[in-house]
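> One file: final_11.cif (mmCIF, C-alpha atoms).
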data_target
loop_
_atom_site.group_PDB
_atom_site.id
_atom_site.type_symbol
_atom_site.label_atom_id
_atom_site.label_comp_id
_atom_site.auth_asym_id
_atom_site.auth_seq_id
_atom_site.Cartn_x
_atom_site.Cartn_y
_atom_site.Cartn_z
ATOM 1 C CA MET A 165 5.846 -14.509 11.523
ATOM 2 C CA ARG A 166 5.194 -17.285 8.992
ATOM 3 C CA ASN A 167 2.938 -14.926 7.043
ATOM 4 C CA SER A 168 5.672 -12.374 6.548
ATOM 5 C CA PRO A 169 8.485 -13.072 4.059
ATOM 6 C CA ASN A 170 10.305 -10.004 5.391
ATOM 7 C CA ARG A 171 10.278 -11.354 8.941
ATOM 8 C CA ILE A 172 11.344 -14.822 7.810
ATOM 9 C CA VAL A 173 14.266 -13.481 5.773
ATOM 10 C CA ALA A 174 15.335 -10.988 8.453
ATOM 11 C CA THR A 175 15.233 -13.634 11.177
ATOM 12 C CA VAL A 176 17.039 -16.311 9.164
ATOM 13 C CA PHE A 177 19.699 -13.953 7.788
ATOM 14 C CA GLY A 178 20.061 -12.302 11.199
ATOM 15 C CA ALA A 179 20.597 -15.635 12.928
ATOM 16 C CA VAL A 180 23.112 -16.726 10.290
ATOM 17 C CA TYR A 181 25.033 -13.445 10.466
ATOM 18 C CA VAL A 182 25.164 -13.539 14.285
ATOM 19 C CA LEU A 183 26.362 -17.164 14.135
ATOM 20 C CA VAL A 184 28.961 -16.308 11.487
ATOM 21 C CA GLY A 185 30.108 -13.339 13.594
ATOM 22 C CA LEU A 186 30.548 -15.522 16.664
ATOM 23 C CA LEU A 187 32.244 -18.359 14.780
ATOM 24 C CA GLY A 188 34.530 -15.815 13.150
ATOM 25 C CA PHE A 189 36.221 -15.095 16.448
ATOM 26 C CA ALA A 190 37.259 -18.752 16.628
ATOM 27 C CA VAL A 191 39.439 -18.339 13.525
ATOM 28 C CA THR A 192 40.749 -14.815 14.086
ATOM 29 C CA GLY A 193 42.851 -15.348 17.200
ATOM 30 C CA GLY A 194 46.061 -13.331 16.702
ATOM 31 C CA VAL A 195 44.635 -11.512 13.690
ATOM 32 C CA GLY A 196 44.911 -7.721 13.858
ATOM 33 C CA PHE A 197 41.572 -5.935 14.287
ATOM 34 C CA PHE A 198 41.828 -4.328 10.819
ATOM 35 C CA ALA A 199 44.234 -6.885 9.266
ATOM 36 C CA THR A 200 43.731 -6.938 5.492
ATOM 37 C CA GLU A 201 44.205 -10.713 5.389
ATOM 38 C CA GLY A 202 42.265 -12.547 8.036
ATOM 39 C CA GLY A 203 41.486 -16.060 9.122
ATOM 40 C CA LEU A 204 39.357 -18.381 7.030
ATOM 41 C CA LEU A 205 35.876 -19.064 8.359
ATOM 42 C CA LEU A 206 34.631 -22.524 7.298
ATOM 43 C CA GLY A 207 37.777 -22.674 5.173
ATOM 44 C CA VAL A 208 36.251 -20.254 2.675
ATOM 45 C CA PHE A 209 35.339 -16.819 4.013
ATOM 46 C CA ALA A 210 38.137 -14.445 5.002
ATOM 47 C CA VAL A 211 37.376 -12.539 8.191
ATOM 48 C CA ASN A 212 39.127 -10.331 10.722
ATOM 49 C CA PRO A 213 37.790 -9.161 14.113
ATOM 50 C CA PHE A 214 36.365 -5.961 12.568
ATOM 51 C CA HIS A 215 34.501 -8.074 10.014
ATOM 52 C CA ASN A 216 33.181 -10.274 12.857
ATOM 53 C CA VAL A 217 31.871 -7.234 14.722
ATOM 54 C CA ALA A 218 30.206 -5.982 11.526
ATOM 55 C CA HIS A 219 28.565 -9.398 11.085
ATOM 56 C CA LEU A 220 27.348 -9.351 14.681
ATOM 57 C CA LEU A 221 25.862 -5.846 14.392
ATOM 58 C CA ILE A 222 24.163 -6.541 11.059
ATOM 59 C CA GLY A 223 22.896 -9.892 12.331
ATOM 60 C CA ALA A 224 21.560 -8.326 15.526
ATOM 61 C CA ALA A 225 19.754 -5.579 13.578
ATOM 62 C CA LEU A 226 18.170 -8.133 11.239
ATOM 63 C CA LEU A 227 17.245 -10.480 14.066
ATOM 64 C CA ILE A 228 15.650 -7.704 16.131
ATOM 65 C CA GLY A 229 13.755 -6.401 13.092
ATOM 66 C CA GLY A 230 12.535 -9.905 12.297
ATOM 67 C CA ILE A 231 11.357 -10.528 15.851
ATOM 68 C CA VAL A 232 9.676 -7.136 16.377
ATOM 69 C CA SER A 233 7.347 -6.762 13.373
ATOM 70 C CA ALA A 234 6.973 -7.073 9.617
ATOM 71 C CA THR A 235 7.337 -3.304 9.208
ATOM 72 C CA ALA A 236 10.577 -3.264 11.197
ATOM 73 C CA ALA A 237 11.877 -6.302 9.311
ATOM 74 C CA LYS A 238 11.074 -4.671 5.973
ATOM 75 C CA ALA A 239 12.866 -1.466 7.016
ATOM 76 C CA VAL A 240 15.965 -3.299 8.250
ATOM 77 C CA ASN A 241 16.054 -5.544 5.169
ATOM 78 C CA ALA A 242 15.865 -2.520 2.866
ATOM 79 C CA THR A 243 18.483 -0.589 4.829
ATOM 80 C CA VAL A 244 21.007 -3.415 5.072
ATOM 81 C CA GLY A 245 20.449 -4.500 1.451
ATOM 82 C CA ALA A 246 20.787 -0.969 0.077
ATOM 83 C CA ALA A 247 23.806 -0.274 2.285
ATOM 84 C CA TYR A 248 25.552 -3.426 1.040
ATOM 85 C CA LEU A 249 24.922 -2.472 -2.596
ATOM 86 C CA LEU A 250 25.941 1.164 -2.059
ATOM 87 C CA LEU A 251 29.103 0.155 -0.225
ATOM 88 C CA GLY A 252 29.936 -2.164 -3.099
ATOM 89 C CA ILE A 253 29.429 0.587 -5.669
ATOM 90 C CA VAL A 254 31.401 3.151 -3.662
ATOM 91 C CA GLY A 255 34.058 0.488 -3.230
ATOM 92 C CA PHE A 256 34.499 0.219 -7.024
ATOM 93 C CA PHE A 257 35.474 3.881 -7.189
ATOM 94 C CA LEU A 258 37.732 3.689 -4.125
ATOM 95 C CA ALA A 259 39.236 0.310 -4.917
ATOM 96 C CA GLY A 260 42.700 1.632 -5.651
ATOM 97 C CA THR A 261 42.828 3.760 -2.538
ATOM 98 C CA ALA A 262 40.761 2.145 0.176
ATOM 99 C CA ALA A 263 42.353 -0.337 2.527
ATOM 100 C CA ASN A 264 40.726 -3.750 2.686
ATOM 101 C CA ILE A 265 39.962 -3.323 6.368
ATOM 102 C CA LEU A 266 37.217 -5.946 6.302
ATOM 103 C CA ALA A 267 39.584 -8.655 4.969
ATOM 104 C CA LEU A 268 37.255 -9.564 2.125
ATOM 105 C CA ASN A 269 37.870 -12.304 -0.413
ATOM 106 C CA THR A 270 35.858 -13.507 -3.387
ATOM 107 C CA ALA A 271 33.692 -15.823 -1.297
ATOM 108 C CA ASP A 272 32.823 -12.890 0.963
ATOM 109 C CA HIS A 273 31.874 -10.714 -1.997
ATOM 110 C CA PHE A 274 29.638 -13.485 -3.356
ATOM 111 C CA LEU A 275 27.902 -13.875 0.011
ATOM 112 C CA HIS A 276 27.497 -10.129 0.511
ATOM 113 C CA LEU A 277 26.171 -9.533 -2.989
ATOM 114 C CA ALA A 278 23.692 -12.401 -2.736
ATOM 115 C CA SER A 279 22.616 -11.199 0.712
ATOM 116 C CA ALA A 280 22.173 -7.641 -0.528
ATOM 117 C CA ILE A 281 20.025 -8.735 -3.446
ATOM 118 C CA VAL A 282 17.842 -11.018 -1.324
ATOM 119 C CA LEU A 283 17.380 -8.418 1.435
ATOM 120 C CA LEU A 284 16.637 -5.592 -0.973
ATOM 121 C CA GLY A 285 14.468 -7.828 -3.137
ATOM 122 C CA VAL A 286 12.318 -9.071 -0.272
ATOM 123 C CA ALA A 287 11.972 -5.548 1.148
ATOM 124 C CA LEU A 288 10.922 -4.028 -2.182
ATOM 125 C CA GLY A 289 9.008 -6.957 -3.645
ATOM 126 C CA PHE A 290 7.072 -8.338 -0.704
ATOM 127 C CA GLU A 291 4.482 -6.835 1.616
ATOM 128 C CA ARG A 292 4.086 -3.624 -0.304
ATOM 129 C CA SER A 293 2.144 -0.787 1.328
ATOM 130 C CA GLY A 294 -1.093 -1.967 2.846
ATOM 131 C CA ARG A 295 -0.132 -5.605 2.662
ATOM 132 C CA VAL A 296 2.306 -5.815 5.551
ATOM 133 C CA ALA A 297 1.557 -8.886 7.611
ATOM 134 C CA THR A 298 0.960 -8.333 11.278
ATOM 135 C CA ALA A 299 0.987 -11.948 12.461
ATOM 136 C CA MET B 726 3.447 -23.958 -13.553
ATOM 137 C CA HIS B 727 2.058 -21.047 -11.550
ATOM 138 C CA ALA B 728 4.623 -21.701 -8.824
ATOM 139 C CA LEU B 729 7.460 -21.734 -11.362
ATOM 140 C CA ALA B 730 6.238 -18.523 -12.955
ATOM 141 C CA ALA B 731 5.997 -16.929 -9.523
ATOM 142 C CA ALA B 732 9.507 -18.115 -8.645
ATOM 143 C CA LEU B 733 10.988 -16.697 -11.843
ATOM 144 C CA ARG B 734 9.118 -13.410 -11.747
ATOM 145 C CA SER B 735 11.822 -11.500 -9.868
ATOM 146 C CA TRP B 736 14.731 -12.761 -11.982
ATOM 147 C CA PRO B 737 14.673 -9.936 -14.574
ATOM 148 C CA MET B 738 14.786 -7.391 -11.754
ATOM 149 C CA LEU B 739 17.672 -9.226 -10.092
ATOM 150 C CA ALA B 740 19.452 -9.419 -13.454
ATOM 151 C CA ALA B 741 19.025 -5.654 -13.791
ATOM 152 C CA LEU B 742 20.654 -5.163 -10.389
ATOM 153 C CA GLY B 743 23.535 -7.413 -11.477
ATOM 154 C CA ALA B 744 23.891 -5.508 -14.747
ATOM 155 C CA GLY B 745 23.894 -2.197 -12.892
ATOM 156 C CA LEU B 746 26.639 -3.289 -10.527
ATOM 157 C CA VAL B 747 28.888 -4.652 -13.281
ATOM 158 C CA LEU B 748 28.323 -1.607 -15.518
ATOM 159 C CA LEU B 749 29.141 0.775 -12.660
ATOM 160 C CA ALA B 750 32.277 -1.213 -11.819
ATOM 161 C CA LEU B 751 33.308 -1.008 -15.488
ATOM 162 C CA ALA B 752 32.577 2.738 -15.493
ATOM 163 C CA ALA B 753 34.856 3.208 -12.481
ATOM 164 C CA GLY B 754 37.827 1.972 -14.506
ATOM 165 C CA ALA B 755 36.837 3.288 -17.935
ATOM 166 C CA GLY B 756 38.163 6.339 -19.693
ATOM 167 C CA GLY B 757 36.793 8.733 -22.293
ATOM 168 C CA ALA B 758 33.183 8.623 -23.367
ATOM 169 C CA MET B 759 32.757 5.104 -22.016
ATOM 170 C CA LEU B 760 32.756 6.366 -18.421
ATOM 171 C CA PRO B 761 29.554 8.454 -18.574
ATOM 172 C CA ALA B 762 27.886 5.972 -20.938
ATOM 173 C CA LEU B 763 28.550 2.982 -18.682
ATOM 174 C CA ALA B 764 27.732 4.952 -15.526
ATOM 175 C CA ALA B 765 24.416 6.126 -16.994
ATOM 176 C CA ALA B 766 23.563 2.588 -18.118
ATOM 177 C CA GLY B 767 24.492 1.224 -14.681
ATOM 178 C CA VAL B 768 22.369 3.754 -12.811
ATOM 179 C CA ALA B 769 19.472 3.134 -15.218
ATOM 180 C CA ALA B 770 19.732 -0.630 -14.697
ATOM 181 C CA LEU B 771 19.806 -0.307 -10.908
ATOM 182 C CA GLY B 772 16.888 2.135 -10.998
ATOM 183 C CA TRP B 773 14.835 -0.089 -13.283
ATOM 184 C CA GLY B 774 15.570 -3.131 -11.115
ATOM 185 C CA GLY B 775 14.516 -1.367 -7.926
ATOM 186 C CA LEU B 776 11.365 0.138 -9.415
ATOM 187 C CA ALA B 777 10.355 -3.133 -11.082
ATOM 188 C CA LEU B 778 10.907 -5.058 -7.853
ATOM 189 C CA ARG B 779 8.717 -2.538 -6.061
ATOM 190 C CA ALA B 780 6.039 -2.747 -8.750
ATOM 191 C CA GLY B 781 6.228 -6.537 -8.845
ATOM 192 C CA ARG B 782 6.252 -6.611 -12.654
ATOM 193 C CA VAL B 783 8.266 -5.614 -15.714
ATOM 194 C CA ILE B 784 7.775 -1.867 -16.002
ATOM 195 C CA ALA B 785 7.726 0.142 -19.257
ATOM 196 C CA PRO B 786 8.349 -2.971 -21.385
ATOM 197 C CA SER B 787 8.425 -1.147 -24.741
ATOM 198 C CA THR B 788 10.979 1.397 -23.572
ATOM 199 C CA THR B 789 12.921 -1.310 -21.766
ATOM 200 C CA LEU B 790 13.093 -3.432 -24.904
ATOM 201 C CA VAL B 791 14.366 -0.520 -27.012
ATOM 202 C CA VAL B 792 16.920 0.623 -24.421
ATOM 203 C CA THR B 793 18.271 -2.874 -23.801
ATOM 204 C CA ALA B 794 18.567 -3.491 -27.553
ATOM 205 C CA VAL B 795 20.460 -0.215 -27.987
ATOM 206 C CA ALA B 796 22.709 -1.101 -25.049
ATOM 207 C CA LEU B 797 23.496 -4.551 -26.452
ATOM 208 C CA VAL B 798 24.260 -3.162 -29.916
ATOM 209 C CA GLY B 799 26.395 -0.431 -28.370
ATOM 210 C CA MET B 800 28.365 -2.908 -26.288
ATOM 211 C CA ALA B 801 28.916 -5.189 -29.270
ATOM 212 C CA ALA B 802 30.059 -2.209 -31.330
ATOM 213 C CA ALA B 803 32.415 -1.067 -28.571
ATOM 214 C CA VAL B 804 34.076 -4.488 -28.480
ATOM 215 C CA SER B 805 34.200 -5.036 -32.254
ATOM 216 C CA THR B 806 35.586 -1.582 -33.053
ATOM 217 C CA GLY B 807 38.216 -1.756 -30.335
ATOM 218 C CA ALA B 808 36.726 1.202 -28.470
ATOM 219 C CA ALA B 809 36.286 -0.945 -25.368
ATOM 220 C CA ALA B 810 39.936 -1.984 -25.324
ATOM 221 C CA MET B 811 41.110 1.586 -25.904
ATOM 222 C CA THR B 812 39.113 2.830 -22.924
ATOM 223 C CA ASP B 813 40.196 0.029 -20.560
ATOM 224 C CA VAL B 814 36.848 -1.771 -20.558
ATOM 225 C CA ALA B 815 37.428 -5.499 -20.073
ATOM 226 C CA PRO B 816 35.439 -7.745 -22.446
ATOM 227 C CA GLY B 817 34.664 -10.419 -19.821
ATOM 228 C CA PRO B 818 32.657 -8.206 -17.465
ATOM 229 C CA LEU B 819 31.051 -6.572 -20.500
ATOM 230 C CA ALA B 820 29.906 -10.038 -21.632
ATOM 231 C CA ALA B 821 28.519 -10.754 -18.158
ATOM 232 C CA ALA B 822 26.628 -7.452 -18.204
ATOM 233 C CA SER B 823 25.295 -8.404 -21.653
ATOM 234 C CA VAL B 824 23.913 -11.669 -20.257
ATOM 235 C CA PHE B 825 22.070 -9.747 -17.547
ATOM 236 C CA ILE B 826 20.751 -7.245 -20.094
ATOM 237 C CA VAL B 827 19.558 -10.055 -22.380
ATOM 238 C CA VAL B 828 17.517 -11.463 -19.477
ATOM 239 C CA VAL B 829 15.904 -8.045 -18.961
ATOM 240 C CA ALA B 830 15.238 -7.688 -22.701
ATOM 241 C CA LEU B 831 13.655 -11.153 -22.850
ATOM 242 C CA SER B 832 11.402 -10.353 -19.923
ATOM 243 C CA ALA B 833 10.295 -7.115 -21.595
ATOM 244 C CA GLY B 834 9.568 -8.996 -24.829
ATOM 245 C CA LEU B 835 7.579 -11.676 -23.020
ATOM 246 C CA GLU B 836 5.617 -9.032 -21.124
ATOM 247 C CA LEU B 837 4.736 -7.271 -24.390
ATOM 248 C CA ARG B 838 3.659 -10.570 -25.956
ATOM 249 C CA ALA B 839 1.514 -11.437 -22.934
ATOM 250 C CA ARG B 840 -0.148 -8.013 -23.028
ATOM 251 C CA SER B 841 -0.792 -8.352 -26.734
ATOM 252 C CA ARG B 842 -2.431 -11.776 -26.262
ATOM 253 C CA LEU B 843 -4.571 -10.509 -23.424
ATOM 254 C CA ALA B 844 -5.640 -7.503 -25.477
ATOM 255 C CA ARG B 845 -6.602 -9.743 -28.400
ATOM 256 C CA ALA B 846 -8.593 -11.976 -26.065
ATOM 257 C CA GLY B 847 -10.343 -8.929 -24.647
ATOM 258 C CA ALA B 848 -9.196 -9.745 -21.141
ATOM 259 C CA HIS B 849 -8.039 -7.319 -18.509
ATOM 260 C CA PRO B 850 -4.274 -6.940 -18.812
ATOM 261 C CA ARG B 851 -3.693 -7.750 -15.149
ATOM 262 C CA GLY B 852 -5.959 -10.297 -13.564
ATOM 263 C CA ASP B 853 -5.364 -11.814 -10.176
ATOM 264 C CA ARG B 854 -1.884 -13.017 -11.056
ATOM 265 C CA ASP B 855 -0.416 -11.189 -8.069
ATOM 266 C CA ALA B 856 -2.919 -12.701 -5.683
ATOM 267 C CA ALA B 857 -2.409 -16.166 -7.095
ATOM 268 C CA ALA B 858 1.343 -16.047 -6.818
ATOM 269 C CA SER B 859 2.619 -17.995 -3.866
ATOM 270 C CA ASP B 860 4.824 -15.993 -1.514
ATOM 271 C CA THR B 861 6.834 -19.125 -0.766
ATOM 272 C CA ALA B 862 7.576 -19.773 -4.425
ATOM 273 C CA ARG B 863 8.444 -16.110 -4.983
ATOM 274 C CA LEU B 864 10.758 -16.089 -1.972
ATOM 275 C CA LEU B 865 12.541 -19.275 -3.047
ATOM 276 C CA GLY B 866 12.845 -17.870 -6.557
ATOM 277 C CA LEU B 867 14.289 -14.657 -5.163
ATOM 278 C CA VAL B 868 16.940 -16.521 -3.153
ATOM 279 C CA ALA B 869 17.864 -18.761 -6.101
ATOM 280 C CA GLY B 870 17.957 -15.788 -8.489
ATOM 281 C CA ALA B 871 20.134 -13.789 -6.098
ATOM 282 C CA ALA B 872 22.595 -16.682 -5.871
ATOM 283 C CA LEU B 873 22.752 -16.966 -9.667
ATOM 284 C CA VAL B 874 23.256 -13.228 -10.112
ATOM 285 C CA ALA B 875 25.960 -13.185 -7.453
ATOM 286 C CA ALA B 876 27.647 -16.216 -9.066
ATOM 287 C CA LEU B 877 27.927 -14.377 -12.391
ATOM 288 C CA ALA B 878 28.463 -10.864 -11.058
ATOM 289 C CA THR B 879 31.199 -11.665 -8.527
ATOM 290 C CA PRO B 880 33.814 -12.948 -11.009
ATOM 291 C CA ALA B 881 32.760 -10.222 -13.445
ATOM 292 C CA LEU B 882 33.305 -7.559 -10.801
ATOM 293 C CA ALA B 883 36.657 -9.103 -9.884
ATOM 294 C CA ALA B 884 37.742 -8.892 -13.547
ATOM 295 C CA THR B 885 37.017 -5.166 -13.820
ATOM 296 C CA GLU B 886 39.775 -2.653 -13.249
ATOM 297 C CA ALA B 887 38.166 -1.719 -9.925
ATOM 298 C CA GLY B 888 38.209 -5.361 -8.871
ATOM 299 C CA GLU B 889 41.764 -5.937 -10.018
ATOM 300 C CA SER B 890 43.070 -2.864 -8.224
ATOM 301 C CA ALA B 891 41.453 -3.882 -4.947
ATOM 302 C CA VAL B 892 43.740 -5.195 -2.253
ATOM 303 C CA PRO B 893 44.682 -8.688 -3.426
ATOM 304 C CA HIS B 894 43.340 -11.675 -1.575
ATOM 305 C CA GLY B 895 43.743 -15.389 -1.848
ATOM 306 C CA THR B 896 46.726 -15.751 0.387
ATOM 307 C CA HIS B 897 45.277 -16.043 3.814
ATOM 308 C CA ASP B 898 48.061 -16.325 6.270
ATOM 309 C CA VAL B 899 47.042 -15.072 9.649
ATOM 310 C CA GLY B 900 48.117 -11.454 9.507
ATOM 311 C CA THR B 901 49.123 -9.260 12.404
ATOM 312 C CA ASP B 902 49.054 -5.513 12.854
ATOM 313 C CA ALA B 903 52.832 -5.293 12.985
ATOM 314 C CA PRO B 904 55.493 -7.572 11.511
ATOM 315 C CA LEU B 905 57.358 -9.818 13.897
ATOM 316 C CA PRO B 906 60.760 -8.532 14.983
ATOM 317 C CA GLY B 907 63.315 -9.503 12.407
ATOM 318 C CA ALA B 908 60.699 -10.519 9.872
ATOM 319 C CA PRO B 909 60.883 -8.991 6.397
ATOM 320 C CA ALA B 910 58.365 -6.326 5.522
ATOM 321 C CA GLY B 911 55.252 -7.267 3.545
ATOM 322 C CA HIS B 912 53.152 -10.385 3.579
ATOM 323 C CA ASP B 913 54.589 -13.651 4.740
ATOM 324 C CA HIS B 914 53.335 -16.601 2.750
#
Taking this structure as input, can you express it in the form of structure tokens?


Amino acid sequence: MRNSPNRIVATVFGAVYVLVGLLGFAVTGGVGFFATEGGLLLGVFAVNPFHNVAHLLIGAALLIGGIVSATAAKAVNATVGAAYLLLGIVGFFLAGTAANILALNTADHFLHLASAIVLLGVALGFERSGRVATA
Amino acid sequence: MHALAAALRSWPMLAALGAGLVLLALAAGAGGAMLPALAAAGVAALGWGGLALRAGRVIAPSTTLVVTAVALVGMAAAVSTGAAAMTDVAPGPLAAASVFIVVVALSAGLELRARSRLARAGAHPRGDRDAAASDTARLLGLVAGAALVAALATPALAATEAGESAVPHGTHDVGTDAPLPGAPAGHDH
């Protein structure tokens, strides 16, 4: 695993996202599942139960990809990174109409954007075809 | 020095991704001819960033330098002539996008200069730089670059019309699906 940047990033990000998803439930007691203003995780990140579930699913996918193989980690990193960026772009054009069902605030956007760039960057820039680590 | 160069190598690509996002967010709220122009520039920036990340180097540096210069001049002209204000393009996010584009332009210029030096020296344009680059340094550089891009892009995105028209945040009372009996409608702060 130490030879594969994709596995390292997928495992670390996956573990963090699963942890954040679990911790999120500690601050969202009484918050509606799709409430547009949620509890504050670590006093910074706004979350609601739907957001926690999304964190858990994304974290689980990354963690599994990271544990299984470099190829799987690369695929999950690329998928999650591209999906984050695409959702952000689609969100710009739906901003006036879409409900904020994930209870996002600025800190969340910062974290998601940075995550998307790292995940997409490591998937595209590391272990290109023929160089995928197997250890 | 090699480690630093390896760490910084992905920054132009990350800057291109940041530029693409901000330009597309500006396009979403722009009117008139600015909409297709900003959208095209945003898609081009995202495409260049993705392809360059995949290639592991600055691609098409000559074309990139020309296009980024044209984009910067166009953006400056749009602000100075008032065209940006007339088409609801905020100057702040435009400035942030310009910073990202300048980074891409600088990288293209440096790549051209490096190629020129190598050509004069009679060396192969691409030696074993890829092999020499440390994955650890590149990965750390990627994480640091992503944080920097997000730090500049997030407030820029929030200042676009798309960002401003998003559901407002910042007041984080614990919300519920339905208001309490007798409570006034809307948010309680």

> Quick check, in Å to one decimal: how far apart do CA of Ala234 in chain A and CA of Gly866 in chain B lie?

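Taking CA of Ala234 in chain A and CA of Gly866 in chain B, their separation equals 20.3 Å.
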
> Would you list the contacts of Leu226 in chain A as an MDAnalysis selection string, taking every protein, DNA or RNA residue within 9 Å and counting all atoms listed in the file, but skipping same-chain residues closer than 3 positions in sequence?

chainID A and resid 171 173:179 181 221:223 229:231 237 240:241 244

> Give me the residues near Ala246 in chain A as a list in words, where near means some atom within 9 Å (using all atoms listed in the file) and where sequence neighbours in that chain fewer than 5 positions away do not count.

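Near Ala246 in chain A, the qualifying residues are Asn241, Leu251, Ala280, Ile281, Leu283 and Leu284 of chain A.
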
> Identify which of the residues B:Pro786, B:Gly767, B:Gly870, B:Gly756 lies closest to Arg840 in chain B, counting all atoms listed in the file when measuring atom-to-atom distances.

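For Arg840 in chain B, the nearest of the candidates is B:Pro786.
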
> Of the residues B:Ala884, B:Leu864, B:Ala766, B:Met759, which is the one nearest to chain A, using only C-alpha atoms?

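Counting only C-alpha atoms, the residue closest to chain A is B:Leu864.
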
> I'd like the residues picked by the PyMOL selection byres ((chain B and resi 790) around 10) written out as JSON, numbers by chain, using the chain letters and numbers from the file.

{"B": [785, 786, 787, 788, 789, 791, 792, 793, 794, 795, 796, 826, 827, 829, 830, 831, 832, 833, 834, 837]}

> Just C-alpha atoms for this one: save the residues we selected as an mmCIF file, in the coordinates of the input.


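To be explicit, this is the file written out as result12.cif:
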data_model
loop_
_atom_site.group_PDB
_atom_site.id
_atom_site.type_symbol
_atom_site.label_atom_id
_atom_site.label_comp_id
_atom_site.auth_asym_id
_atom_site.auth_seq_id
_atom_site.Cartn_x
_atom_site.Cartn_y
_atom_site.Cartn_z
ATOM 1 C CA ALA B 785 7.726 0.142 -19.257
ATOM 2 C CA PRO B 786 8.349 -2.971 -21.385
ATOM 3 C CA SER B 787 8.425 -1.147 -24.741
ATOM 4 C CA THR B 788 10.979 1.397 -23.572
ATOM 5 C CA THR B 789 12.921 -1.310 -21.766
ATOM 6 C CA VAL B 791 14.366 -0.520 -27.012
ATOM 7 C CA VAL B 792 16.920 0.623 -24.421
ATOM 8 C CA THR B 793 18.271 -2.874 -23.801
ATOM 9 C CA ALA B 794 18.567 -3.491 -27.553
ATOM 10 C CA VAL B 795 20.460 -0.215 -27.987
ATOM 11 C CA ALA B 796 22.709 -1.101 -25.049
ATOM 12 C CA ILE B 826 20.751 -7.245 -20.094
ATOM 13 C CA VAL B 827 19.558 -10.055 -22.380
ATOM 14 C CA VAL B 829 15.904 -8.045 -18.961
ATOM 15 C CA ALA B 830 15.238 -7.688 -22.701
ATOM 16 C CA LEU B 831 13.655 -11.153 -22.850
ATOM 17 C CA SER B 832 11.402 -10.353 -19.923
ATOM 18 C CA ALA B 833 10.295 -7.115 -21.595
ATOM 19 C CA GLY B 834 9.568 -8.996 -24.829
ATOM 20 C CA LEU B 837 4.736 -7.271 -24.390
#

> Considering all atoms listed in the file, return as a PyMOL selection string whatever protein or nucleic-acid residues lie within 10 Å of Ala744 in chain B, sequence-local ones (same chain, fewer than 5 positions apart) excluded.

chain B and resi 738-739+749-750+766-771+774+818-819+821-829+874+878

> Please provide the set of residues having any atom within 7 Å of range 729-732 of chain B, restricted to only C-alpha atoms, with same-chain residues fewer than 6 positions apart removed, written as a JSON list (two decimals) with C-alpha atoms, in the frame of the given file.


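Written output follows (around_19.json):
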[["chain", "number", "residue", "atom", "x", "y", "z"],
["B", 858, "ALA", "CA", 1.34, -16.05, -6.82],
["B", 859, "SER", "CA", 2.62, -18.00, -3.87],
["B", 862, "ALA", "CA", 7.58, -19.77, -4.42],
["B", 863, "ARG", "CA", 8.44, -16.11, -4.98],
["B", 865, "LEU", "CA", 12.54, -19.27, -3.05],
["B", 866, "GLY", "CA", 12.84, -17.87, -6.56],
["B", 867, "LEU", "CA", 14.29, -14.66, -5.16]]

> From the options B:Ala755, B:Ala881, B:Ala780, B:Ala762, which residue's atoms come nearest to chain A, counting only C-alpha atoms?

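Nearest to chain A: B:Ala780.
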
> Compare A:Ala278, A:Ala218, A:Leu205, A:Ala287 by their minimum atom-to-atom distance to chain B, counting all atoms listed in the file, and give me the closest one.

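For chain B, the nearest of the given residues is A:Ala278.
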
> Between CA of Gly781 in chain B and CA of Gly743 in chain B, what is the distance in Å, rounded to a tenth?

17.5 Å

> Could you please determine the separation between CA of Ala839 in chain B and CA of Val798 in chain B in Å, to one decimal place?

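According to the coordinates, CA of Ala839 in chain B and CA of Val798 in chain B are separated by 25.2 Å.
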
> For Asp272 in chain A, which residue out of B:Ser735, B:Thr885, B:Thr861, B:Thr879 is the nearest one, using only C-alpha atoms?

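Closest candidate: B:Thr879.
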